[in-house]
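Here's the structure, in structure tokens; my notes come after.
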Amino acid sequence: MRDFDPRYEPVVVAARRTPIGTAGHAFKGVTVDRLAAPVIAAVARELAGRRVDDVVLGNCMGPGGNVARVSALAAGLGHEVPGLTVDRQCGSGLAAILVAGQAVRAGEMDLVIAGGAESASTAPQRTHRGATEPYPRAPFAPDGHPDPDMGPAAEALATARGVSRARQDAYACRSHARALAARDAGRFRDEIVPIGGRGDDQRPRPLRAASLARLPAAFVADGTVTAGNSSPVSDGAAAVALVPERLRAGLPGMRLVAGSVVGCDPELPGWGPVPAVRRVLARTGVELEQVAAVEIVEAFAAQVLAVTDALGLDALEGDRVCADGGALALGHPWGATGAVVVTRLFSRLVRGGAPPGTLGLAAAAVGGGLGVAALFEVVGPGRDVSSGRDVGSGQSVGSGRDIGIGSGRDGARA
């Protein structure tokens, strides 16, 4: 194993996504590879003339057959580009980026396109042999372990962490309002690759707290989690390009400082980002106060608030957490959404002109009791790879030595 070498630090230099459509609506007839291919092709065009070594995509419910390989071919990358499909459920897109980062850091690949894609609208129904009806989902845990559906699990986390219905509804209103404001201000424009003539996300809409308060509980009688403060089942794709620092050629981007995938109690899967984030911060010596931008997959408002409360973040005030809204407003294409949050970080920090050294954090909770997190650092033109410093900025954070795609367990629970 090579000693740490700053020339091989993985850097995200391009990031794009599709608009996100609610399942059964905007992209109801678009298969997962046809969602992924235009995004992959758009990212590849931003690095025209460079050979793509691999495509790594997260996907949860697709047809099988190696979605990444099929999508790479559909994108016109050529027969020599292989493809790897990753399934860590709702963390798949972010986990795929960590896998790609590890390959770049190891010196095995010079350009990897990584992300995720999901077409809930066209995902096949699956039936056990001899059964007459499809089963709703695969198990996230074996017999003898808790295996809740995500809605009741979010309700359990809200109860365990004392997250009220009023706060959940307020956060849902915030997500939609911020997504609408970002769309109107054009902050999504440069990251979106139109599909079938559609260039905007389908779901964001004006919400009123009074209207949300009238909605019934969706999963547990007299509960607090409703359709209004939960994300919708969605279709979409996102992808980023990772290159080693030595081949960045002056492109602005985000260095992948460190990442982590951890296990937690499968009864409370929404808790997973807490130990994942803590592990990343401990490995890098970074305090959360140093992180300027946080993007967390908004599967449920209850889960976001439980996690941010535990980490000491105020998700309802300020611009640090999901400043332009998140999955509650945009939608939650399971295999893609972890890559969507990285694309959002790229827009907020790199396209937004944040100075070198600015830190961003992406995180996702995962069914079955997992958490995924990644820490990124803005790098700009003129980076001195021999010293690991950005010209005109402070000391580069961490060694980037551990991208942590392993399943390191953490016993933390709510």
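As shown in the structure tokens, the chain order sets the letters A, B, ...; within each chain, residues go from 1, and ligands are also counted from 1 in the order they appear.
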
Check which residues of segment 332-373 of chain A sit at most 10 Å from segment 250-254 of chain A using only C-alpha atoms, and return one row each with the closest pair of atoms and their distance in Å to one decimal, ordered by chain and rising number, as CSV.
residue,atom,partner,partner_atom,distance
A:Val342,CA,A:Met254,CA,9.7
A:Leu345,CA,A:Met254,CA,8.9
A:Phe346,CA,A:Met254,CA,7.1
A:Leu349,CA,A:Met254,CA,8.3
A:Val350,CA,A:Gly253,CA,6.0
A:Arg351,CA,A:Pro252,CA,8.8
A:Gly353,CA,A:Pro252,CA,9.4
A:Pro356,CA,A:Met254,CA,9.0
A:Gly357,CA,A:Met254,CA,9.3
A:Thr358,CA,A:Met254,CA,9.1
A:Leu359,CA,A:Met254,CA,8.7
A:Gly360,CA,A:Met254,CA,8.7

N, CA and C atoms of the current selection, written as a PDB file, in the first residue's frame:
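out-v3.pdb, written as the output of this step:
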ATOM      1  N   VAL A 342     -24.182  15.425  -2.879  1.00  0.00           N
ATOM      2  CA  VAL A 342     -22.822  15.844  -3.243  1.00  0.00           C
ATOM      3  C   VAL A 342     -22.881  16.865  -4.378  1.00  0.00           C
ATOM      4  N   LEU A 345     -23.722  20.073  -2.814  1.00  0.00           N
ATOM      5  CA  LEU A 345     -22.540  20.663  -2.183  1.00  0.00           C
ATOM      6  C   LEU A 345     -21.648  21.329  -3.222  1.00  0.00           C
ATOM      7  N   PHE A 346     -21.461  20.658  -4.356  1.00  0.00           N
ATOM      8  CA  PHE A 346     -20.623  21.202  -5.425  1.00  0.00           C
ATOM      9  C   PHE A 346     -21.179  22.548  -5.903  1.00  0.00           C
ATOM     10  N   LEU A 349     -20.718  25.229  -3.019  1.00  0.00           N
ATOM     11  CA  LEU A 349     -19.354  25.616  -2.670  1.00  0.00           C
ATOM     12  C   LEU A 349     -18.505  25.973  -3.888  1.00  0.00           C
ATOM     13  N   VAL A 350     -18.474  25.111  -4.884  1.00  0.00           N
ATOM     14  CA  VAL A 350     -17.593  25.337  -6.037  1.00  0.00           C
ATOM     15  C   VAL A 350     -18.238  26.319  -7.008  1.00  0.00           C
ATOM     16  N   ARG A 351     -19.437  26.008  -7.484  1.00  0.00           N
ATOM     17  CA  ARG A 351     -20.117  26.956  -8.376  1.00  0.00           C
ATOM     18  C   ARG A 351     -20.418  28.266  -7.646  1.00  0.00           C
ATOM     19  N   GLY A 353     -18.517  29.744  -5.567  1.00  0.00           N
ATOM     20  CA  GLY A 353     -17.322  30.554  -5.383  1.00  0.00           C
ATOM     21  C   GLY A 353     -16.772  30.586  -3.976  1.00  0.00           C
ATOM     22  N   PRO A 356     -10.947  28.482  -1.322  1.00  0.00           N
ATOM     23  CA  PRO A 356     -10.250  27.232  -1.021  1.00  0.00           C
ATOM     24  C   PRO A 356     -10.147  27.022   0.485  1.00  0.00           C
ATOM     25  N   GLY A 357     -10.295  25.764   0.876  1.00  0.00           N
ATOM     26  CA  GLY A 357     -10.262  25.420   2.290  1.00  0.00           C
ATOM     27  C   GLY A 357     -11.630  25.321   2.922  1.00  0.00           C
ATOM     28  N   THR A 358     -12.684  25.836   2.255  1.00  0.00           N
ATOM     29  CA  THR A 358     -14.042  25.734   2.784  1.00  0.00           C
ATOM     30  C   THR A 358     -14.464  24.266   2.835  1.00  0.00           C
ATOM     31  N   LEU A 359     -15.098  23.875   3.927  1.00  0.00           N
ATOM     32  CA  LEU A 359     -15.468  22.471   4.142  1.00  0.00           C
ATOM     33  C   LEU A 359     -16.961  22.256   3.943  1.00  0.00           C
ATOM     34  N   GLY A 360     -17.301  21.103   3.370  1.00  0.00           N
ATOM     35  CA  GLY A 360     -18.684  20.689   3.205  1.00  0.00           C
ATOM     36  C   GLY A 360     -18.844  19.243   3.623  1.00  0.00           C
TER      37      GLY A 360
END

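Running DSSP on the backbone and keeping only strand (DSSP E or B), the residues of segment 49-106 of chain A that qualify are Asp54, Val55, Val56, Leu57, Gly58, Leu84, Thr85 and Val86 of chain A.
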
Just the selected residues (all heavy atoms), exported as an mmCIF file, in the first residue's frame, please.
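This is the output file out_12.cif:
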data_model
loop_
_atom_site.group_PDB
_atom_site.id
_atom_site.type_symbol
_atom_site.label_atom_id
_atom_site.label_comp_id
_atom_site.auth_asym_id
_atom_site.auth_seq_id
_atom_site.Cartn_x
_atom_site.Cartn_y
_atom_site.Cartn_z
ATOM 1 N N ASP A 54 -13.781 4.121 -15.222
ATOM 2 C CA ASP A 54 -14.879 3.304 -14.703
ATOM 3 C C ASP A 54 -16.062 4.205 -14.393
ATOM 4 O O ASP A 54 -15.926 5.426 -14.253
ATOM 5 C CB ASP A 54 -14.453 2.558 -13.431
ATOM 6 C CG ASP A 54 -15.259 1.283 -13.181
ATOM 7 O OD1 ASP A 54 -16.226 1.028 -13.933
ATOM 8 O OD2 ASP A 54 -14.924 0.537 -12.234
ATOM 9 N N VAL A 55 -17.229 3.584 -14.313
ATOM 10 C CA VAL A 55 -18.451 4.236 -13.860
ATOM 11 C C VAL A 55 -18.971 3.432 -12.678
ATOM 12 O O VAL A 55 -19.151 2.214 -12.774
ATOM 13 C CB VAL A 55 -19.511 4.299 -14.982
ATOM 14 C CG1 VAL A 55 -20.852 4.789 -14.435
ATOM 15 C CG2 VAL A 55 -19.041 5.204 -16.115
ATOM 16 N N VAL A 56 -19.185 4.102 -11.551
ATOM 17 C CA VAL A 56 -19.682 3.461 -10.342
ATOM 18 C C VAL A 56 -20.992 4.126 -9.971
ATOM 19 O O VAL A 56 -21.035 5.336 -9.725
ATOM 20 C CB VAL A 56 -18.676 3.594 -9.171
ATOM 21 C CG1 VAL A 56 -19.178 2.812 -7.954
ATOM 22 C CG2 VAL A 56 -17.297 3.116 -9.588
ATOM 23 N N LEU A 57 -22.082 3.363 -9.959
ATOM 24 C CA LEU A 57 -23.401 3.923 -9.692
ATOM 25 C C LEU A 57 -24.090 3.186 -8.558
ATOM 26 O O LEU A 57 -24.057 1.945 -8.499
ATOM 27 C CB LEU A 57 -24.297 3.836 -10.925
ATOM 28 C CG LEU A 57 -23.988 4.722 -12.130
ATOM 29 C CD1 LEU A 57 -25.052 4.524 -13.191
ATOM 30 C CD2 LEU A 57 -23.904 6.192 -11.732
ATOM 31 N N GLY A 58 -24.731 3.934 -7.694
ATOM 32 C CA GLY A 58 -25.626 3.345 -6.710
ATOM 33 C C GLY A 58 -26.998 3.112 -7.314
ATOM 34 O O GLY A 58 -27.478 3.899 -8.137
ATOM 35 N N LEU A 84 -19.619 -0.523 -12.264
ATOM 36 C CA LEU A 84 -19.831 -1.205 -10.985
ATOM 37 C C LEU A 84 -21.083 -0.621 -10.352
ATOM 38 O O LEU A 84 -21.205 0.596 -10.212
ATOM 39 C CB LEU A 84 -18.633 -0.996 -10.054
ATOM 40 C CG LEU A 84 -18.810 -1.429 -8.596
ATOM 41 C CD1 LEU A 84 -18.959 -2.941 -8.491
ATOM 42 C CD2 LEU A 84 -17.653 -0.935 -7.740
ATOM 43 N N THR A 85 -22.012 -1.493 -9.965
ATOM 44 C CA THR A 85 -23.242 -1.059 -9.326
ATOM 45 C C THR A 85 -23.175 -1.353 -7.835
ATOM 46 O O THR A 85 -22.815 -2.460 -7.433
ATOM 47 C CB THR A 85 -24.464 -1.739 -9.954
ATOM 48 O OG1 THR A 85 -24.479 -1.457 -11.366
ATOM 49 C CG2 THR A 85 -25.760 -1.237 -9.340
ATOM 50 N N VAL A 86 -23.496 -0.343 -7.026
ATOM 51 C CA VAL A 86 -23.382 -0.403 -5.568
ATOM 52 C C VAL A 86 -24.775 -0.341 -4.965
ATOM 53 O O VAL A 86 -25.599 0.477 -5.372
ATOM 54 C CB VAL A 86 -22.532 0.780 -5.042
ATOM 55 C CG1 VAL A 86 -22.512 0.817 -3.524
ATOM 56 C CG2 VAL A 86 -21.119 0.708 -5.607
#

Q.
I want to know what sits within 8 Å of Val277 of chain A, based on only C-alpha atoms, with residues of the same chain fewer than 5 positions away left out; could you give that as a PyMOL selection string?
A. chain A and resi 260+363+372-374

Q. What lies within 8 Å of Pro38 of chain A using only C-alpha atoms, ignoring chain neighbours under 5 positions off, as number ranges by chain?
A. A: 75, 193, 195

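Nearest residue to Ala100 of chain A, choosing from A:Ala179, A:Ala123, A:Val11, A:Ala36 and counting only C-alpha atoms: A:Val11.
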
(Q) Excluding Leu375 of chain A and its own-chain neighbours fewer than 6 positions away, which residues fall within 8 Å of it when counting only C-alpha atoms? Please give them as a list in words. (A)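 Result of the neighbour search: Leu256, Val257, Ala258, Gly259, Val280, Leu359, Gly360, Leu361 and Ala362 of chain A.
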
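Taking only C-alpha atoms into account, Gly312 of chain A lies nearest to A:Val274 out of the set A:Ser175, A:Ile113, A:Thr18, A:Val274.
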
Q. Could you state the separation of atom CA of Val67 of chain A and atom CA of Ala114 of chain A in Å, given to one decimal place?
A.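 Atom-to-atom, atom CA of Val67 of chain A and atom CA of Ala114 of chain A are spaced 12.2 Å apart.
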
Q: Excluding Gly101 of chain A and any residue of its chain fewer than 3 positions from it, enumerate the residues within 12 Å of it, using only C-alpha atoms, and give them as a ChimeraX atom specification.
A: /A:8-12,54-56,94-98,104-115,240-245,254-260,374-376,400-405

The selected residues should be written to file as a tab-separated table (two decimals), in the first residue's frame (atoms: N, CA and C atoms).
chain	number	residue	atom	x	y	z
A	8	TYR	N	-2.34	12.16	-5.23
A	8	TYR	CA	-3.39	11.19	-5.54
A	8	TYR	C	-4.68	11.45	-4.76
A	9	GLU	N	-4.76	12.61	-4.11
A	9	GLU	CA	-5.99	12.95	-3.43
A	9	GLU	C	-7.14	13.02	-4.44
A	10	PRO	N	-8.26	12.34	-4.18
A	10	PRO	CA	-9.39	12.41	-5.12
A	10	PRO	C	-10.11	13.74	-5.01
A	11	VAL	N	-10.42	14.31	-6.17
A	11	VAL	CA	-11.08	15.61	-6.23
A	11	VAL	C	-12.29	15.50	-7.16
A	12	VAL	N	-13.42	15.97	-6.69
A	12	VAL	CA	-14.63	16.07	-7.52
A	12	VAL	C	-14.51	17.34	-8.36
A	54	ASP	N	-13.78	4.12	-15.22
A	54	ASP	CA	-14.88	3.30	-14.70
A	54	ASP	C	-16.06	4.21	-14.39
A	55	VAL	N	-17.23	3.58	-14.31
A	55	VAL	CA	-18.45	4.24	-13.86
A	55	VAL	C	-18.97	3.43	-12.68
A	56	VAL	N	-19.18	4.10	-11.55
A	56	VAL	CA	-19.68	3.46	-10.34
A	56	VAL	C	-20.99	4.13	-9.97
A	94	LEU	N	-23.91	8.06	-2.46
A	94	LEU	CA	-22.76	8.58	-1.72
A	94	LEU	C	-21.72	7.49	-1.53
A	95	ALA	N	-22.15	6.27	-1.24
A	95	ALA	CA	-21.19	5.16	-1.10
A	95	ALA	C	-20.45	4.91	-2.40
A	96	ALA	N	-21.13	5.06	-3.54
A	96	ALA	CA	-20.46	4.88	-4.84
A	96	ALA	C	-19.35	5.90	-5.02
A	97	ILE	N	-19.57	7.13	-4.56
A	97	ILE	CA	-18.53	8.16	-4.66
A	97	ILE	C	-17.35	7.81	-3.78
A	98	LEU	N	-17.60	7.23	-2.60
A	98	LEU	CA	-16.50	6.81	-1.74
A	98	LEU	C	-15.71	5.66	-2.38
A	104	VAL	N	-9.27	6.05	-6.96
A	104	VAL	CA	-8.41	7.15	-7.39
A	104	VAL	C	-7.24	7.30	-6.43
A	105	ARG	N	-7.52	7.28	-5.14
A	105	ARG	CA	-6.45	7.44	-4.15
A	105	ARG	C	-5.42	6.32	-4.24
A	106	ALA	N	-5.85	5.13	-4.58
A	106	ALA	CA	-4.94	4.00	-4.70
A	106	ALA	C	-4.07	4.08	-5.94
A	107	GLY	N	-4.37	5.00	-6.83
A	107	GLY	CA	-3.60	5.13	-8.06
A	107	GLY	C	-4.01	4.15	-9.14
A	108	GLU	N	-5.14	3.46	-8.94
A	108	GLU	CA	-5.58	2.48	-9.91
A	108	GLU	C	-6.38	3.09	-11.05
A	109	MET	N	-6.96	4.27	-10.82
A	109	MET	CA	-7.79	4.92	-11.84
A	109	MET	C	-7.54	6.42	-11.82
A	110	ASP	N	-7.63	7.04	-13.00
A	110	ASP	CA	-7.37	8.47	-13.15
A	110	ASP	C	-8.63	9.30	-13.36
A	111	LEU	N	-9.71	8.69	-13.76
A	111	LEU	CA	-10.98	9.39	-13.91
A	111	LEU	C	-12.11	8.38	-13.71
A	112	VAL	N	-12.89	8.61	-12.69
A	112	VAL	CA	-14.05	7.76	-12.41
A	112	VAL	C	-15.28	8.65	-12.33
A	113	ILE	N	-16.33	8.25	-13.02
A	113	ILE	CA	-17.62	8.90	-12.89
A	113	ILE	C	-18.45	8.08	-11.91
A	114	ALA	N	-18.94	8.72	-10.87
A	114	ALA	CA	-19.63	7.99	-9.80
A	114	ALA	C	-20.88	8.74	-9.39
A	115	GLY	N	-21.88	8.01	-8.95
A	115	GLY	CA	-23.12	8.63	-8.49
A	115	GLY	C	-24.18	7.58	-8.27
A	240	VAL	N	-20.90	12.48	-10.45
A	240	VAL	CA	-19.76	13.40	-10.31
A	240	VAL	C	-18.55	12.75	-10.98
A	241	ALA	N	-17.55	13.57	-11.29
A	241	ALA	CA	-16.28	13.07	-11.83
A	241	ALA	C	-15.21	13.25	-10.78
A	242	LEU	N	-14.44	12.19	-10.51
A	242	LEU	CA	-13.33	12.26	-9.58
A	242	LEU	C	-12.03	11.99	-10.31
A	243	VAL	N	-11.04	12.83	-10.06
A	243	VAL	CA	-9.70	12.68	-10.62
A	243	VAL	C	-8.69	12.86	-9.49
A	244	PRO	N	-7.47	12.36	-9.65
A	244	PRO	CA	-6.45	12.65	-8.65
A	244	PRO	C	-5.98	14.08	-8.78
A	245	GLU	N	-5.51	14.65	-7.68
A	245	GLU	CA	-5.04	16.03	-7.68
A	245	GLU	C	-4.00	16.28	-8.77
A	254	MET	N	-13.80	19.90	-5.31
A	254	MET	CA	-13.88	19.55	-3.90
A	254	MET	C	-13.04	18.30	-3.66
A	255	ARG	N	-12.06	18.43	-2.80
A	255	ARG	CA	-11.27	17.27	-2.42
A	255	ARG	C	-12.07	16.39	-1.47
A	256	LEU	N	-12.08	15.09	-1.74
A	256	LEU	CA	-12.70	14.14	-0.83
A	256	LEU	C	-11.72	13.89	0.31
A	257	VAL	N	-11.96	14.53	1.44
A	257	VAL	CA	-11.04	14.46	2.56
A	257	VAL	C	-11.13	13.11	3.26
A	258	ALA	N	-12.34	12.68	3.56
A	258	ALA	CA	-12.55	11.42	4.27
A	258	ALA	C	-14.01	11.03	4.18
A	259	GLY	N	-14.27	9.77	4.36
A	259	GLY	CA	-15.64	9.27	4.37
A	259	GLY	C	-15.78	8.10	5.30
A	260	SER	N	-17.02	7.73	5.58
A	260	SER	CA	-17.25	6.62	6.49
A	260	SER	C	-18.60	5.99	6.20
A	374	ALA	N	-19.43	11.92	4.24
A	374	ALA	CA	-18.20	12.29	3.54
A	374	ALA	C	-17.92	13.75	3.78
A	375	LEU	N	-16.64	14.05	3.98
A	375	LEU	CA	-16.18	15.42	4.18
A	375	LEU	C	-15.41	15.86	2.95
A	376	PHE	N	-15.74	17.06	2.46
A	376	PHE	CA	-15.11	17.61	1.27
A	376	PHE	C	-14.49	18.96	1.60
A	400	GLY	N	-6.46	12.94	4.43
A	400	GLY	CA	-7.19	12.24	3.37
A	400	GLY	C	-6.80	10.79	3.28
A	401	ARG	N	-6.18	10.25	4.34
A	401	ARG	CA	-5.61	8.92	4.28
A	401	ARG	C	-6.67	7.83	4.26
A	402	ASP	N	-7.84	8.11	4.83
A	402	ASP	CA	-8.84	7.07	5.01
A	402	ASP	C	-10.16	7.51	4.40
A	403	ILE	N	-10.55	6.90	3.29
A	403	ILE	CA	-11.84	7.22	2.69
A	403	ILE	C	-12.92	6.30	3.24
A	404	GLY	N	-12.54	5.30	4.02
A	404	GLY	CA	-13.46	4.57	4.87
A	404	GLY	C	-14.67	3.99	4.21
A	405	ILE	N	-14.53	3.12	3.22
A	405	ILE	CA	-15.74	2.52	2.64
A	405	ILE	C	-16.10	1.25	3.37

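Taking only C-alpha atoms, the non-local environment of Gly186 of chain A within 12 Å (same-chain residues fewer than 3 positions away omitted) comprises Ala179, Leu180, Ala181, Ala182, Arg183, Arg189, Asp190, Glu191, Ile192, Gly199, Asp200, Asp324, Ser347, Arg351 and Gly352 of chain A.
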
Selected residues, C-alpha atoms, written as a PDB file, in the first residue's frame, please.
ATOM      1  CA  ALA A 179     -36.069  24.865  -3.005  1.00  0.00           C
ATOM      2  CA  LEU A 180     -38.511  27.243  -4.675  1.00  0.00           C
ATOM      3  CA  ALA A 181     -36.270  30.217  -3.921  1.00  0.00           C
ATOM      4  CA  ALA A 182     -33.206  28.380  -5.277  1.00  0.00           C
ATOM      5  CA  ARG A 183     -35.054  27.415  -8.448  1.00  0.00           C
ATOM      6  CA  ARG A 189     -29.707  25.586 -13.436  1.00  0.00           C
ATOM      7  CA  ASP A 190     -26.048  24.658 -13.923  1.00  0.00           C
ATOM      8  CA  GLU A 191     -26.320  21.305 -12.164  1.00  0.00           C
ATOM      9  CA  ILE A 192     -29.414  20.001 -13.975  1.00  0.00           C
ATOM     10  CA  GLY A 199     -35.439  21.036 -16.733  1.00  0.00           C
ATOM     11  CA  ASP A 200     -37.004  21.609 -13.295  1.00  0.00           C
ATOM     12  CA  ASP A 324     -31.570  25.232  -0.973  1.00  0.00           C
ATOM     13  CA  SER A 347     -23.083  23.886  -6.505  1.00  0.00           C
ATOM     14  CA  ARG A 351     -20.117  26.956  -8.376  1.00  0.00           C
ATOM     15  CA  GLY A 352     -20.934  29.366  -5.567  1.00  0.00           C
TER      16      GLY A 352
END

Q: Report as number ranges by chain: the residues of segment 124-258 of chain A with a DSSP assignment of alpha helix (DSSP H), based on the backbone of this structure.
A: A: 150-161, 165-185, 209-213

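Among A:Leu47, A:Gln125, A:Arg17, A:Leu288, the residue with the shortest atom-to-atom distance to Leu247 of chain A, counting only C-alpha atoms, is A:Leu47.
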
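With only C-alpha atoms as the atoms that count, the minimum distance from Arg344 of chain A to the choices A:Gly331, A:Pro6, A:Gly325, A:Gly29 is reached by A:Gly325.
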
Q: May I ask for the distance between atom CA of Pro148 of chain A and atom CA of Gly369 of chain A, given in Å to one decimal place?
A: 10.0 Å

Q.
Using Å and a single decimal, report how far atom CA of Gln202 of chain A sits from atom CA of Ala26 of chain A.
A. 7.1 Å
